[in-house]
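Asker: Let me begin by handing over the structure; questions about it come next.
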Amino acid sequence: MIIHIIPTVNSTGFVILVVLACLSHLVAQDAVVEQRKAETTAKADKLFGQRYTAAAGKPLRLYDEEAETGPPDAIIYGHGSSYVIELIFASDGTIARLILLPEALLHSHYWGDVPNIVELSAAEMQWLVASANDLQPLGKAHEVWDVPDGCFQSGPNLYCADTYELATISHYHAEEGREEELRRVALRDIEILYKQSVDGIVEDVRVEGSQRKLKVSGQWYHGEKSGVEIFYTAQKGSVVHLVTYGCTANEKACTAVPAESKHTVNEL
């Protein structure tokens with residue numbers, strides 16, 4: 001009679017194997033993220049050229065302490081004498097945001113600190129949109145407006161947004177001149193927010209003020225406004241399908257909307 005001895009793994013050994021498997025998976029994920037970032041950075045260096053170097057004695061204010069946990073994972077390039085380009089990565093290594101803004105806003109969050117003479121041309125906006133599409137596709141254009149059409153106006157300020165299949169492009173303009181015949185509109189900054197799909201299991205739920213927030217894959221999300229159904233019906237263990245724009249890993253909670261083409265909540 002032949003006796004076959006089957007090796008067994010005790011509970012401690014099993015736990016070690018599971019931990020090692022998880023660590024291997026995380027290492028592999030990190031390698032993919034870093035590869036994506038390296039490829040994007042190489043393209044961005046060719047498109048945008050010189051990296052930005054802050055002047056001595058002028059501290060950078062790269063994040064909002066109320067909304068963010070720290071500086072974003074970003075690269076900053078110089079653009080002309082008064083502007084910079086900020087390329088901000090998402091947690092998966094793709095681009096979350098591409099922003100062309102006055103250099104002064106790296107040091108202050110107050111537009112009053114930006115000289116009135118600082119502005120962008122229509123050609124620069126076209127160039128930035130084309131560059132962004134080279135770095136990471138924007139997809140088909142859905143709505144692209146000619147200012148002031150489609151813009152929200154508050155006093156002399158115009159806040160505009162163009163929509164693409166895979167991104168939204170926000171651009172801020174300021175009206176200048178008191179006489180109507182002399183009035184002109186100056187383009188002051190441009191922000192490209194890339195679309196990200198969020199499909200996963202709700203890990204946690206919390207309520208802050210009037211907002212109920214969901215944690216999915218380690219990131220918190222909330223609705224654009226109070227009362228969005230999915231954020232009030234989903235529970236721990238629910239499977240949700242959301243869409244967010246420009247979400248970066250350093251944000252305390254990203255704004256999201258239900259994915260239109262899918263069922264938004266399924267209980268496991």
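Chain labels follow the order of the structure tokens: the first chain is A, the next B, and so on; residue numbering restarts at 1 in every chain, and ligands are counted from 1 in their shown order.
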Identify, on the basis of only C-alpha atoms, every residue whose closest approach to segment 132-140 of chain A does not exceed 6 Å; exclude the query and any residue fewer than 6 positions from it along the same chain; express the result as a PyMOL selection string.

Answerer: chain A and resi 164-167

Asker: May I have all residues of segment 62-162 of chain A that DSSP, computed from the backbone, assigns to alpha helix (DSSP H), given as JSON, numbers by chain?

Answerer: {"A": [122, 123, 124, 125, 126, 127, 128, 129, 130, 131, 132, 133, 134, 135]}

Asker: Find the residues near segment 83-100 of chain A: any atom within 7 Å, counting only C-alpha atoms, skip ones fewer than 4 places away on the same chain, and give them as a PyMOL selection string.

Answerer: chain A and resi 33-34+36-37+72-79+189-194+246-249

Asker: Contacts of segment 215-220 of chain A at 12 Å or less, counting only C-alpha atoms, minus same-chain residues fewer than 4 places along, as a PyMOL selection string?

Answerer: chain A and resi 67-68+90-92+197-208+211+231+234-242+244+247-256

Asker: Could you tell me how far atom CA of Leu106 of chain A lies from atom CA of Pro59 of chain A, in Å and to one decimal?

Answerer: 8.5 Å

Asker: Identify, with DSSP run on backbone atoms, the residues in segment 21-197 of chain A assigned to strand (DSSP E), and express the list as JSON, numbers by chain.

Answerer: {"A": [74, 75, 76, 77, 78, 79, 83, 84, 85, 86, 87, 88, 89, 95, 96, 97, 98, 99, 100, 101, 102, 141, 142, 143, 152, 153, 154, 157, 158, 159, 160, 161, 162, 163, 164, 167, 168, 169, 170, 171, 172, 173, 174, 175, 176, 184, 185, 186, 187, 188, 189, 190, 191, 192, 193, 194, 195, 196, 197]}

Asker: In Å, with one decimal, what is the gap from atom CA of Pro148 of chain A to atom CA of Ser131 of chain A?

Answerer: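 Spanning atom CA of Pro148 of chain A to atom CA of Ser131 of chain A is a straight-line distance of 24.1 Å.
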
Asker: Name the closest residue to Ala130 of chain A among the candidates A:Glu66, A:Asp162, A:Lys213, A:Leu47; distances are taken between atoms, counting only C-alpha atoms.

Answerer: A:Leu47

Asker: Do you know which residues are at most 7 Å from Arg188 of chain A counting only C-alpha atoms, after dropping those on the same chain fewer than 3 positions away, and could you put them as a PyMOL selection string?

Answerer: chain A and resi 119-120+172-173

Asker: Near Phe152 of chain A, counting only C-alpha atoms, which residues have an atom at most 12 Å away, once you skip same-chain residues fewer than 3 positions from it, shown as an NGL selection string?

Answerer: :A and (145 or 147-149 or 155-161 or 170-174)

Asker: Keeping C-alpha atoms for every residue in the selection just given, could you write it to a file as an mmCIF file, in the first residue's frame?

Answerer:
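Contents of result.cif, freshly written:
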data_model
loop_
_atom_site.group_PDB
_atom_site.id
_atom_site.type_symbol
_atom_site.label_atom_id
_atom_site.label_comp_id
_atom_site.auth_asym_id
_atom_site.auth_seq_id
_atom_site.Cartn_x
_atom_site.Cartn_y
_atom_site.Cartn_z
ATOM 1 C CA TRP A 145 -19.003 77.657 -26.167
ATOM 2 C CA VAL A 147 -17.692 83.457 -24.567
ATOM 3 C CA PRO A 148 -20.006 84.732 -23.131
ATOM 4 C CA ASP A 149 -22.426 82.065 -24.440
ATOM 5 C CA GLY A 155 -20.412 91.023 -12.065
ATOM 6 C CA PRO A 156 -17.434 91.343 -14.429
ATOM 7 C CA ASN A 157 -16.513 87.657 -13.948
ATOM 8 C CA LEU A 158 -17.402 84.960 -16.459
ATOM 9 C CA TYR A 159 -17.119 81.277 -15.501
ATOM 10 C CA CYS A 160 -17.329 78.989 -18.524
ATOM 11 C CA ALA A 161 -17.203 75.229 -19.064
ATOM 12 C CA SER A 170 -13.274 75.315 -17.227
ATOM 13 C CA HIS A 171 -12.061 78.769 -18.208
ATOM 14 C CA TYR A 172 -12.361 82.021 -16.283
ATOM 15 C CA HIS A 173 -12.676 85.408 -18.009
ATOM 16 C CA ALA A 174 -12.916 88.956 -16.664
#
